[in-house]
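For reference, the structure is listed below as C-alpha cells.
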Amino acid sequence: MSKPVLEVNGLQTHFFTDRGEIPAVDDVSFHIQQGEVLGVVGESGCGKSVTSLSIMGLVPDPPGKIVGGEILYRSEGKETNEENLVELSKKRMRQIRGNRISMIFQEPMTSLDPLFKIGFQITEGLRNHSNISKKEAHRKAVEMLTLVGIPRPEEVVNEYPHQLSGGMRQRVMIAIAMSSDPEVLIADEPTTALDVTIQAQILELMQNLNKEKGTAILLITHDLGVVAEVCQRVVVMYAGKVVEQGSVRTILKNPKHPYTQGLIKSLPKLSERDTRLYSIPGNVPKPGSIKNGCRFAARCPAVFDRCLVENPELLQLEDEHLCRCFLYDNKEGGGKNGETALTGSQRP
Amino acid sequence: ADNSEGDPADTEANNNAAGEGNEESADDAEGDGDEEAAAPAGDQTLIFARGGDSVSLDYASVTDGESSRVTEQMFESLLSFEEDSFEIGPGLAEDWEMHDDGLRYVFTLREGVTFHDGTEFNAEAVKTNFERWADPDHEFHFGDEGYAYAVYGTQFGGFVGDEGHVIDEINVLGDYEVEFVLNNQLGSFLQNMGMSYFSMTSPAALEEYGPEINENPVGTGPFQFVSWSRDDSIVLEKYEDYWQEDLPKLDQVIFQVIPDNSARLTALRSGEIDIMDGLNPDDLEALEGEEGITTFERTTNNIGYLGFNGDKEPFDDPELRRALNHAIDKETLIELLYAGNAEPAKNLIPPDYLGYNDEIEPYEYDPELAQQMLEDAGYEGLEFDLWTMPVARPYMPDPERAAEVMQANFEDIGVTANIVSMEWATYLEQTEAGEHDVYMLGWSGTNGDPDYFFGNLLHSDAIPGGNRDFYRNDEVDELLDQAKVSIDEDERTELYMEAQEIIHEDAPMIPLVHSIPVLAGSDRVQNYVPHPSTSEPLTEVELSE
Amino acid sequence: METVKPTNKTPIPGPEEQEPQTSMPAPASPWKEAFRELKKNKLAIVGMFIISFFILIAIFAPFLTSYAPSTLNAGPRLTSPNLNNWFGTDDLGRDIFTRIVYGARISLLVGFFAVTGALIFGSMLGIIAGYYGRWVDMLISRFFDIMLAFPSILLAIAIVAILGPSLQNALIAIAIINIPIFGRLVRSKVISIREEEYILAAKAQGMKSGRILIHHVLPNSTAPIIVQATLGFGTAILEAAALGFLGLGAQPPTPEWGAMLSDARQYIQSAPWTVLFPGISIMLVVLGFNMIGDGLRDALDPKMKN
Amino acid sequence: MAKQPLLEVKGLKKFFPIKGGILAKQVGEVKAVNDVSFDVYEGEVLGIVGESGCGKSTTGKALLRLIEPTAGEVIFDGKDVTKMSTEEMRVMRRHMQIIFQDPYASLNPRHKIEKILGEPLLVHGVGTKEERRKKVEEILEIVGLPGEHASRYPHQFSGGQRQRIGIARALIVRPRLIVCDEPVSALDVSIQAQILNLMEDLQEQFGLTYIFIAHDLSVVKHISHRIGVMYLGKMVELTTNENLYKEPLHPYTQSLMSAVPEPDPDKKKERTILKGDVPSPSNPPSGCPFHTRCPAVMDMCKTVVPEFREIKVNHFAACHLYDEESTQEQTADYHLQQN
Amino acid sequence: MFAYTIRRLLMLIPVLIGMSLITFSIIHLIPGNPALTILGQQATPAAVAQLEEQLGLNEPYFVQYTDYMLGLLQGDLGQSLRTNTAISGDIWPFLAATIELTIFAMVFAVIVGVNAGIISAWKQNSLFDYTAMIIALIGVSMPIFWLGLMQQWVFAQELGWLPAFGRANPRDPVETVTHFYLIDTLLSGRLDQFSIAFQHLILPGIALGTIPMAIIARMTRSSMLEVLRSDYIRTVQAKGIHQLSIVYRHGFKNAVIPVLTVVGLQTGTLLGGAILTETIFSWPGIGRYVFDAIGNRDYPVIQSGILIIATMFVFINLIVDLLYSFIDPRIKY
Ligand SMILES: Nc1ncnc2c1ncn2[C@@H]1O[C@H](COP(=O)(O)OP(=O)(O)OP(=O)(O)O)[C@@H](O)[C@H]1O
Ligand SMILES: Nc1ncnc2c1ncn2[C@@H]1O[C@H](COP(=O)(O)OP(=O)(O)OP(=O)(O)O)[C@@H](O)[C@H]1O
Ligand SMILES: [Mg+2]
Ligand SMILES: [Mg+2]
Ligand code: NI
C-alpha cells in the first residue's frame with residue numbers, strides 16, 4: 001500500500017486577535033489515501049474550515065498563522081515526492097494549489113467572481129499553471145462543464161454566475177476544482193447551502209468523480225448523514241481538536257467518544273419514530289475559551305476529575321479507530337466502560 | 001476673436017529677430033548709457049495685471065474702471081485730459097469754440113485720423129456716435145440688447161425726449177467741423193467731452209457688428225483690438241497708422257486678470273507681468289527697496305465719509321455734528337485701513353478738483369475738545385446707530401473695520417455707537433428713506449467735475465436720493481446751481497469755494513478720506529503716469545531693457 | 001447557564017459553562033460596548049483629545065488671553081510670533097492667538113447649530129418619507145435628489161447669494177445643504193430597519209406602528225446618524241470656513257477662521273503666520289471630528305470595521 | 001383532537017409584484033404562495049416542509065398577516081383573520097404568535113431581555129409593572145434561562161439561548177397557536193436537539209398548537225403530528241407523520257425522502273435523484289408545478305393543474321397519478337419501483 | 001440597457017425641473033428690490049425701471065418661469081447684466097477651463113487615490129497602510145483653499161517652481177480653438193506651450209484633487225478589504241493565481257463600483273471646490289465666473305452658472321450609473 005497522498009500531523013493554526021490567541025486548530029492529525037473519501041465532521045466553529053485552508057495555505061495572515069505541525073503532500077503517494085506544504089515557498093505553493101490540490105467552498109452563491117464569465121473562471125487556474133491557447137481553454141471549459149453535468153455547456157461558458165442557480169454554481173465550482181485533474185479535492189461543506197434534492201445531485205457527482213478519476217476527497221461537513229452516504233473514513237472534530245477518527249461504520253455504529261455518541265443520538269432520524277431526542281447540554285465552546293482539561297468536559301455526561309485538569313491524548317482503540325477520551329485510557333485512572341457512558345443520562 | 005491664423009507666429013518671429021538684434025545694442029547701452037534713460041527693450045509687449053476683467057469694450061455703455069482701462073487704449077474722445085489731472089486739452093478735436101454763452105460749441109476735428117478698420121474719422125462719425133447714445137430710437141442704440149448709456153444720461157441730463165436733455169442738436173458743418181447746440185448751459189460740457197465714455201467708435205464697425213460691438217471695438221486710439229478671453233486676458237496691438245507720429249511705443253499690450261493680490265505680486269516679481277494694479281498697501285513697504293520694481297501713485301478721485309441724518313434728532317444740531325467731527329482719528333484710520341495710502345479729507349471733493357477749497361481748517365482730531373463741545377451742548381450719554389455698508393468700495397476697502405475704528409473713537413468721548421449692517425440694497429433704500437442715524441458711504445468722481453459730487457450729495461434736490469444727509473441749505477443750493485450752469489472756470493471756482501465754507505460750518509457729514517490707489521511695476525516701464533480717472537492711455541509708455 | 005431545563009434535569013458536574021458573555025461584565029448596553037470599542041481606537045482617542053482641547057479653549061477663551069479678539073491696534077501690526085503674541089499679530093495689530101481662541105467658539109457653534117438644524121429637519125423629513133412611503137416618500141425623495149444634484153458648497157453659495165453674506169446666513173445655508181444628507185440617511189435606515197426581523201416580531205406581538213417606530217426603528221437607526229452627525233460637524237466647519245474665505249460667511253471683524261484666512265491671504269508673503277494658524281486650526285478641528293467619526297463608525301457598526 | 005379546526009386556511013395566495021421596465025411598473029409577480037389550503041387542530045403540531053423558496057415562510061407570515069395575503073381566508077377560531085381591522089388584528093395577535101428562524105436578527109439588539117419579553121405584555125395591557133417583571137422571570141425559567149439574565153442584552157447570549165428567548169417572547173402572552181418558522185435550522189446539531197426538546201415539552205405543558213416550518217424533513221417528522229409538503233408555492237401533500245413516511249403519495253415527497261441522507265451506513269437506499277433545479281416562482285411551469293422534474297410525468301401534468309384533494313383518509317395530495325381516471329395499477333407499479 | 005438609459009433619463013426630468021426652479025427662484029428670493037440691488041448706489045431710477053423691465057420682473061411669477069424655461073430649452077441662458085452679452089455665448093471658455101482643471105484633478109485623485117487604496121488594503125496594517133490612511137484622513141480634513149494658498153506660497157512664491165496663476169504664460173497666449181489648453185497647444189503644435197499649460201495645471205489640480213483623492217483612497221481601501229475577504233477571492237486564491245493579479249484583476253474590478261460612485265459624487269466636490277481653487281489660482285473657470293457674478297450681483301449669470309454646474313454633476317452621475325452596468329453583469333436593465 002502506498003503512502004497517504006496527504007498527511008496532516010499535529011497541525012496547529014492559531015489566530016492572533018485583539019482578544020488574544022485563538023487556537024482554532026489545535027493538534028489535528030489525519031491522512032488521506034489516494035482515491036479515498038475522508039469525511040471531517042464537527043459543529044460550527046470547531047475548526048474544519050481552518051484546517052482545510054491551512055492545507056491550501058490560504059489561512060488569512062494576519063491574523064492567522066500555522067504555528068505547528070506539518071502537512072505532507074506526496075504526489076502519487078510516493079515517498080520521494082514528499083513535500084511539507086507548511087514550509088513551501090509561495091511560488092511552489094501556488095503551483096500545487098489549484099493544480100494538484102483543489103478546493104471547493106460552502107457558499108456557491110458567493111464563491112464565484114460575479115464579474116467574470118464562467119468559462120474564464122474555469123480555465124483561469126489552468127491558464128495560470130500551463131500555457132494553453134484561448135481556443136483550447138474554451139474547449140476545456142466546455143468539457144469540464146459537461147463533466148459536471150451542466151446542461152447547455154456551450155452557452156453556460158459565456159454566462160455570468162448570477163445567471164445560474166445554486167446547484168449549477170456548485171457544479172461550476174467543482175468544474176473549476178477538477179479542471180486541473182487534481183489528486184486531492186477538498187470540499188468544505190459543499191452542500192450545506194443547498195436543498196436536499198440538489199445536495200443529492202452534488203454528492204452523486206462527487207462520488208462519480210472520485211470513482212472515475214480516482215481523486216482523493218476530503219469532505220468537510222457537519223451532517224453525519226452526508227458522511228454516511230459518501231465517506232469511507234471519518235474524522236470527528238470538537239473545538240479545534242480531533243476527538244475521534246475511524247471508518248464510517250465504526251464511527252456511526254460504534255462511536256466511543258461521548259461527544260460522538262451524543263451527536264449521533266441527538267439527531268432526529270427519518271426512519272425512527274423516537275419520542276425524545278437525546279440532547280447534549282450546554283453550548284459549543286469557542287476555541288481557546290477552555291484552557292485546561294478535555295474540551296468536552298463541561299458538557300460530558302461521563303466527566304470525571306481528570307478530565308478537568310489533564311488534556312487527553314488521541315488513543316488508538318483498534319486499527320484505524322482513534323479516540324481522545326480518558327475513558328479508554330487504560331494506563332491510569334480510566335477504565336470506565338465507554339459504552340455505558342451515556343446510559344445514565346438517557347431518558348427511560 | 002482671432003485675427004488671422006498665421007499672425008501670432010509671425011509676431012513671434014519678428015520679436016525674436018528684434019530681440020537678437022538688440023542684444024548687442026543692449027550691452028552697448030549698458031556700457032555708455034548709465035546716466036541716461038535705459039535703451040528700449042526689444043520686446044515691447046507690456047503686460048498689465050489687474051484684479052478684474054473688463055465688462056465690455058463698448059466704453060459708453062459701461063461705467064466700471066476696468067473697462068475704461070482697456071478702452072482708453074483703443075478709443076479717443078474729442079478732447080483729452082492732462083496726463084495726471086482733469087485739465088482738458090485737444091484730442092480728436094484740434095480746436096473748439098464756445099458761442100452764445102455756452103449754448104453752442106464748435107469743434108474742429110483733426111484731419112487724417114483713421115479708425116482701426118481703415119475708415120476715416122470725420123464730423124459724421126462724431127454725430128453718429130453722439131446720436132447713438134442720445135437717441136433711444138437710433139439704429140445703433142441697441143437698447144433692446146441691454147445697452148444703456150447711463151453716463152450719457154447723467155452727464156447730459158437725460159436722453160432725446162427727456163426734459164432735461166441738454167444737447168438739442170448736432171450739426172455737421174464740414175468734414176472736419178461739428179457743432180453742438182444746447183438747450184441750456186452746462187458748466188461741465190467741455191469736461192464731459194474729455195471723458196473716455198464719449199469716445200469715437202467707427203460707424204462702419206457699428207454697422208458691421210451691430211450689438212456685438214462690445215466685443216469688437218474699433219476706434220482711433222494707439223492700440224487696436226486683437227483678442228479677449230474673458231476673465232483672463234485682453235490682447236491689444238500697436239495701431240500702425242496712429243495719427244501721432246512714432247507712437248505708440250509699445251507693440252503689444254496685454255491686460256491680464258489675476259484676482260489674487262499676492263499672486264499678482266508674485267507674477268510681478270518673477271517678471272511675468274510689467275504693471276500691477278491693486279497693490280496691497282502692506283506690500284508697498286517691502287517693494288520700495290526692491291530691485292527692479294517701482295511704484296506709481298494715482299491721484300485721488302473719491303471721498304469716503306460718515307454722514308448724519310439731518311432730519312433726525314439730535315443730528316439736526318450742527319454743534320453736535322461739529323463736535324463729532326473732532327472725534328474721528330482719521331490718521332489712525334488711514335494707517336490701519338489704507339496702510340497710509342489715503343489722504344485725510346476735509347472737503348467733499350478730492351484735492352485736485354476745480355474749486356477745491358484748501359483754506360478750510362479741518363476739524364482737528366481732539367477727543368477732549370469733542371467731549372467738551374458735547375457737554376456744552378448738553379449731550380450726555382449720546383447713543384446712536386452707526387450704519388455701515390456691507391460691501392467694500394474703492395473709497396472704503398473695509399467698511400466694517402472702519403466702523404469699528406470709529407466706534408472706538410466715539411467711545412473715547414463717551415458716545416456709544418452701535419454698529420448696524422444690512423444687505424446692500426436695503427442699506428441704500430433705507431438710507432435714502434432716512435431710516436438711519438449715522439451712516440457710512442462715499443462717492444467716486446468720473447469727469448473731474450465738482451458738480452458730480454456736490455449736486456448728487458448735498459443739493460436739496462437730491463432728497464430723496466444721493467443726499468442721505470438730508471442737508472438743506474438754500475444758500476448752498478443757490479451757489480451750486482449757479483456753479484453748475486456757469487461756464488467760466490474762475491467763477492465756478494469762486495462759487496464752489498464759498499459753498500464749501502458753508503458746508504464745512506454746517507458739517508452735514510464727517511469727510512473721512514480720499515484714498516490713493518497705488519500701482520507697482522517693473523522698473524523697465526518708462527513714462528507711465530497714472531491718471532486720477534483710474535485709467536490712462538499707454539501711448540507714451542515704453543519698456544527699457 | 002442553560003442547563004437547567006424543566007423537563008431534562010440532568011445534573012451536570014463541572015465548571016461554569018463557557019458562555020460568550022463571561023468575558024464581559026453584565027449588563028452592558030450596546031452603547032456602552034460601543035464606547036468601550038471606541039476607547040480602543042487610538043485615532044478616535046486622539047480625535048477626542050483634539051476636540052476636547054478646542055472645546056475647552058472655546059469655553060475658557062477669555063481666561064486664556066488678555067487681549068480682546070477684535071480690539072484694534074492692540075499691538076504693532078503684523079508682528080511675527082513672539083512671547084507676547086504667541087501666534088503673532090495681524091494687519092490690524094490684533095493678537096492672532098486670541099482670535100484663534102475665540103474663533104474656536106464660532107466654528108464649534110457653527111458646527112453644532114448647522115448639524116443640529118440639519119439633523120432635526122433632515123430626520124423629520126426622512127422619517128416621514130420612510131414611514132409613510134408611497135407618494136410622500138416619492139415627493140420628499142425627489143426633493144432630496146434635487147438638493148443633492150447641486151454640489152453642496154455651490155448650493156450654500158447660492159443660498160448665501162440670496163440671503164446676503166453673514167455668519168448667520170452661512171449657518172442657515174450649511175444647515176440646509178445638510179438636510180438631504182441626513183434625510184436620506186434616516187429614510188434609508190427607517191426603510192431598512194422596517195424590514196428587520198425583530199420589527200416583524202414586534203408587529204407580531206401586536207404593537208402599534210407608532211410604538212414600533214419610536215421604540216424599535218428609531219433607536220436602531222441612531223448609530224449611523226450619530227456617525228454622520230460627527231462627520232457632519234467636520235464638514236460643516238469646513239463649509240463655513242470656505243464661505244468665510246469667500247467673504248460669504250462671517251464678516252469681519254468676527255474672528256471666524258475662514259474669514260481670517262481670507263483677510264490674511266494677502267499677507268502670505270510678508271506675514272505667513274497670519275495664514276498658517278487659522279488654516280491649521282480648521283484642519284485640526286475637522287480632523288478631530290473625522291477621527292471620532294471614523295472611530296464611532298467602527299465601534300457602532302461592526303460590519304464597517306476593517 | 002377536537003373536531004373543529006383551530007385554524008382553517010382556504011385558498012391562501014401571496015403574489016409579490018416584480019417591478020421593471022421604463023416606468024417601474026409591475027411586469028410580473030412572484031407566486032410565493034399559490035392557493036394553499038389546510039386545517040390545523042387544537043393541540044396538534046402541523047409540520048410544513050419544502051425546499052428553499054417554496055413559500056413556507058411566506059405562508060407562515062401571511063397567516064399572521066405580517067404579510068398581507070393576496071387572496072384566501074385564514075379562519076382562526078371561527079373568525080376570518082384577513083378581514084379584521086388593524087385594531088382587531090392587534091388584539092388577535094395575542095393568540096397567534098411566531099418564532100423566527102434567525103435568532104440573531106429577530107431580537108432587537110438595543111433592548112434588554114426584560115424589555116423584549118415585557119413589551120408584548122405591555123402592549124396587551126397585561127398586569128402591572130411588577131407582575132410583568134415576575135412573568136418575565138417566570139418565562140425565562142420555563143425556557144431554561146436563569147431569571148437574572150433578564151437584564152442582559154441579546155448579544156450576550158449564544159444562538160441557542162437567543163432562540164430560547166425568541167420562544168419565550170412568543171410564549172409569554174400565552175397564545176394558542178405558534179407559527180415556528182425554521183426555529184432550529186440556524187442552530188448547531190447539538191443545540192438543535194435542546195431546542196426541539198424544549199419546544200416539545202412546552203407544547204405538552206401548555207397545550208399549544210404549532211405550525212412548524214422547516215426544510216429538514218427529519219426534524220419536521222420528529223416533532224409533527226401531521227406534515228404538509230410544499231413545492232413552488234403549492235401544498236403537494238398533507239398527511240399524518242406515519243402515513244407520509246410509510247406511504248408517500250406524491251412523487252416529489254418520495255424523491256425528497258429518498259434524498260435525505262441518513263447517518264446510518266447500513267441504510268444504503270435506492271435514491272431517486274431529481275433532475276434539474278426548482279423552477280422560479282416568478283415563472284412557474286404550467287399544469288403541475290413539479291412536472292419539469294417528475295420521474296412519473298404524464299402528458300396531462302403539463303397542462304392540467306392537479307387538484308389538492310383527499311386521496312386516502314387523512315391523506316391529501318395534488319397529483320394526477322391518483323386521479324380517478326388514471327388506473328390503480330399505474331400507481332401501484334410506480335410504488336413497486338420505488339420501495 | 002437601452003430601456004434603463006431611457007428610464008434614467010426620464011427620471012432626470014423632475015430633478016432637472018426642480019433644479020431649474022431653484023435656480024430660477026434665486027433672483028426672486030433676494031430681499032429688497034432686485035433691480036436696485038443689482039445697480040447699486042449710483043443708479044438712476046430710470047435705470048432701475050429699465051432693468052426691471054429687462055429682467056421681466058413686472059410679470060407674474062409663472063409667466064416668468066415659463067419664459068425662463070422656454071429660453072433654457074432653446075439654449076438661451078439669458079443675458080449677463082454686467083456685460084450685456086448672451087451667457088450662452090460667453091460660458092464655454094469658462095466651462096472648458098473648469099472641465100480641464102476638474103479632469104486633471106480627478107485623474108490625479110483617481111490615480112493616486114485608487115492605487116494608495118489598493119495597496120493599503122492589500123498590505124493591510126502595514127506601515128504603508130497606516131501612513132497612507134493618516135494622510136488620507138488629513139486630506140479629507142483639509143480646507144482646500146488653505147492648501148491652495150500654502151501650495152502657492154511654497155511652490156510658486158518661495159521656490160518659484162511652478163506658476164502661481166492662470167492657465168498659460170501671458171506673454172505667449174495660447175491660440176484657442178477648443179479652449180482646452182492642453183488640446184489647443186497640441187493642435188497648434190506648440191509643445192513648449194503644452195508643457196507650460198501643464199505646469200499651470202499642477203498646483204490648482206492638486207489643491208482641488210486632494211479631498212477627492214483622500215476620499216477615493218479611503219473608499220477604495222474599505223471596498224477592497226471587503227472584496228478581498230469575500231468568498232470568490234478565496235476561490236481565485238485556491239486556483240493558485242498570483243496575488244498581484246488577484247488584487248488588481250479580481251479585487252479591484254469588484255471593488256470598483258463603490259469607488260466609481262464616490263468618483264461620481266466627488267465631481268460635485270470638484271465642481272464646487274473649483275470656486276475656491278479658481279479664485280486662488282486665478283483660473284478663468286466657471287467657478288470664478290459665478291463667484292464674480294455674485295460680487296457683481298449679476299443674477300442671470302449666477303443662475304445659469306449654478307444650473308450648468310449642477311446639470312453637469314447630474315449627468316456625470318448618470319454616466320456613472322450607466323457605467324455600472326458595463327462593469328457588473330448582474331445589473332441588467
Ligand atoms: N479570520 C479569523 N480571525 C479570527 N478567528 C478566526 C478567523 N477565522 C476563523 N477563526 C476562528 O476559528 C474557529 C474555527 O473556524 P472555522 O471556520 O474553521 O470553523 P468551521 O468548523 O468551519 O465552522 P462552520 O461549520 O461554521 O463553517 C472559529 O471559531 C473562529 O473563532
Ligand atoms: N418581500 C418579498 N418580495 C418579493 N419576493 C419575495 C418576498 N419574500 C419572499 N419572496 C419570494 O417568495 C418566494 C417564497 O419565499 P419564502 O421566504 O416564503 O420561502 P421559504 O420557503 O421560506 O424559503 P427558505 O427555506 O429559504 O426560508 C421566494 O421565491 C422569494 O424569493
Ligand atoms: Mg466552515
Ligand atoms: Mg423561510
Ligand atoms: Ni477666439
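We label chains A, B, ... in the order they appear in the C-alpha cells, count residues from 1 in each chain, and number ligands from 1 in the order shown.
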**Asked** How would you write, as a VMD selection string, the set of residues no farther than 10 Å from ligand 3 when counting only C-alpha atoms and all ligand atoms?
**Response** chain A and resid 42 to 53 105 to 107 188 to 189 220 to 222
How would you write, as a JSON list (two decimals) with N, CA, C and O atoms, in the first residue's frame, the set of residues no farther than 10 Å from ligand 4 when counting only C-alpha atoms and all ligand atoms?
[["chain", "number", "residue", "atom", "x", "y", "z"],
["D", 50, "GLY", "N", -40.39, 21.77, 2.80],
["D", 50, "GLY", "CA", -40.23, 22.12, 1.41],
["D", 50, "GLY", "C", -38.86, 22.74, 1.24],
["D", 50, "GLY", "O", -38.24, 23.15, 2.22],
["D", 51, "GLU", "N", -38.47, 22.81, -0.02],
["D", 51, "GLU", "CA", -37.14, 23.33, -0.25],
["D", 51, "GLU", "C", -37.15, 24.85, -0.18],
["D", 51, "GLU", "O", -38.20, 25.49, -0.17],
["D", 52, "SER", "N", -35.96, 25.38, -0.16],
["D", 52, "SER", "CA", -35.80, 26.83, -0.05],
["D", 52, "SER", "C", -36.60, 27.55, -1.13],
["D", 52, "SER", "O", -36.58, 27.19, -2.29],
["D", 53, "GLY", "N", -37.31, 28.59, -0.74],
["D", 53, "GLY", "CA", -38.03, 29.40, -1.69],
["D", 53, "GLY", "C", -39.38, 28.86, -2.09],
["D", 53, "GLY", "O", -40.04, 29.45, -2.94],
["D", 54, "CYS", "N", -39.84, 27.76, -1.46],
["D", 54, "CYS", "CA", -41.10, 27.19, -1.91],
["D", 54, "CYS", "C", -42.29, 27.91, -1.29],
["D", 54, "CYS", "O", -43.43, 27.62, -1.60],
["D", 55, "GLY", "N", -42.02, 28.85, -0.37],
["D", 55, "GLY", "CA", -43.12, 29.65, 0.14],
["D", 55, "GLY", "C", -43.54, 29.32, 1.56],
["D", 55, "GLY", "O", -44.60, 29.75, 2.01],
["D", 56, "LYS", "N", -42.69, 28.63, 2.28],
["D", 56, "LYS", "CA", -43.05, 28.25, 3.64],
["D", 56, "LYS", "C", -43.17, 29.47, 4.54],
["D", 56, "LYS", "O", -44.19, 29.67, 5.21],
["D", 57, "SER", "N", -42.11, 30.28, 4.53],
["D", 57, "SER", "CA", -42.13, 31.46, 5.42],
["D", 57, "SER", "C", -43.25, 32.40, 5.03],
["D", 57, "SER", "O", -43.93, 32.98, 5.89],
["D", 58, "THR", "N", -43.43, 32.56, 3.74],
["D", 58, "THR", "CA", -44.48, 33.46, 3.28],
["D", 58, "THR", "C", -45.83, 32.97, 3.78],
["D", 58, "THR", "O", -46.66, 33.77, 4.24],
["D", 59, "THR", "N", -46.06, 31.67, 3.72],
["D", 59, "THR", "CA", -47.31, 31.12, 4.24],
["D", 59, "THR", "C", -47.46, 31.47, 5.71],
["D", 59, "THR", "O", -48.48, 32.02, 6.14],
["D", 60, "GLY", "N", -46.38, 31.22, 6.46],
["D", 60, "GLY", "CA", -46.42, 31.47, 7.90],
["D", 60, "GLY", "C", -46.73, 32.92, 8.20],
["D", 60, "GLY", "O", -47.56, 33.23, 9.05],
["D", 61, "LYS", "N", -46.06, 33.80, 7.50],
["D", 61, "LYS", "CA", -46.26, 35.22, 7.78],
["D", 61, "LYS", "C", -47.63, 35.71, 7.31],
["D", 61, "LYS", "O", -48.23, 36.58, 7.93],
["D", 100, "PHE", "N", -39.08, 33.07, 14.94],
["D", 100, "PHE", "CA", -38.36, 33.21, 13.69],
["D", 100, "PHE", "C", -37.15, 32.30, 13.61],
["D", 100, "PHE", "O", -36.64, 31.80, 14.61],
["D", 101, "GLN", "N", -36.67, 32.20, 12.35],
["D", 101, "GLN", "CA", -35.55, 31.32, 12.08],
["D", 101, "GLN", "C", -34.25, 31.85, 12.67],
["D", 101, "GLN", "O", -33.50, 31.12, 13.28],
["D", 102, "ASP", "N", -34.02, 33.15, 12.43],
["D", 102, "ASP", "CA", -32.71, 33.68, 12.76],
["D", 102, "ASP", "C", -32.69, 34.26, 14.15],
["D", 102, "ASP", "O", -33.23, 35.32, 14.41],
["D", 181, "ASP", "N", -41.14, 29.36, 12.43],
["D", 181, "ASP", "CA", -40.53, 29.42, 11.11],
["D", 181, "ASP", "C", -39.07, 28.99, 11.19],
["D", 181, "ASP", "O", -38.20, 29.78, 11.51],
["D", 182, "GLU", "N", -38.83, 27.74, 10.90],
["D", 182, "GLU", "CA", -37.48, 27.17, 10.95],
["D", 182, "GLU", "C", -36.75, 27.54, 12.23],
["D", 182, "GLU", "O", -35.68, 28.14, 12.20],
["D", 213, "ILE", "N", -42.50, 25.03, 10.70],
["D", 213, "ILE", "CA", -41.96, 25.12, 9.35],
["D", 213, "ILE", "C", -40.49, 24.72, 9.38],
["D", 213, "ILE", "O", -39.74, 25.17, 10.26],
["D", 214, "ALA", "N", -40.06, 23.90, 8.46],
["D", 214, "ALA", "CA", -38.64, 23.55, 8.37],
["D", 214, "ALA", "C", -38.37, 22.99, 6.99],
["D", 214, "ALA", "O", -39.27, 22.57, 6.28],
["D", 215, "HIS", "N", -37.08, 23.03, 6.63],
["D", 215, "HIS", "CA", -36.76, 22.38, 5.36],
["D", 215, "HIS", "C", -36.16, 21.02, 5.60],
["D", 215, "HIS", "O", -35.92, 20.24, 4.69]]
**Residues within 12 Å of ligand 5, counting only C-alpha atoms and all ligand atoms, as a list of chain:residue names** = B:Ala1, B:Asp2, B:Asn3, B:Ser4, B:Glu5, B:Glu215, B:Asn216, B:Val226, B:Ser227, B:Trp228, B:Ser229, B:Arg230, B:Ser233, B:Ile234, B:Val235, E:Gly89, E:Asp90, E:Trp92, E:Pro93, E:Pro173, E:Val174, E:Glu175, E:Thr176, E:Val177, E:Thr178, E:His179, E:Asp184
**Asked** Just how far from CA of Ile215 in chain E is CA of Ser245 in chain E, in Å to one decimal?
**Response** 24.6 Å
**Request:** Taking the chain letters and numbering used in this document, name the residues of range 119-175 of chain A that DSSP puts in helix (DSSP H, G or I), as a VMD selection string.
**Result:** chain A and resid 119 to 129 134 to 147 153 to 156 161 to 163 166 to 175
**Request:** Tell me the residues of chain A close to chain E, meaning within 9 Å using only C-alpha atoms, as a ChimeraX atom specification.
**Result:** /A:56-58,60,62,91,93-99,101-105,107-108,110-116,121,124-126,128-129,160-163,173,176-177
**Prompt:** Which is closest to ligand 2 among C:Trp257, C:Arg194, C:Tyr267, C:Val46, if we use only C-alpha atoms and all ligand atoms?
**Reply:** C:Arg194
**Message:** Only residues of chain A matter here; which ones have an atom within 6 Å of chain C, counting only C-alpha atoms? Give them as a PyMOL selection string.
**Reply:** chain A and resi 281-282+298
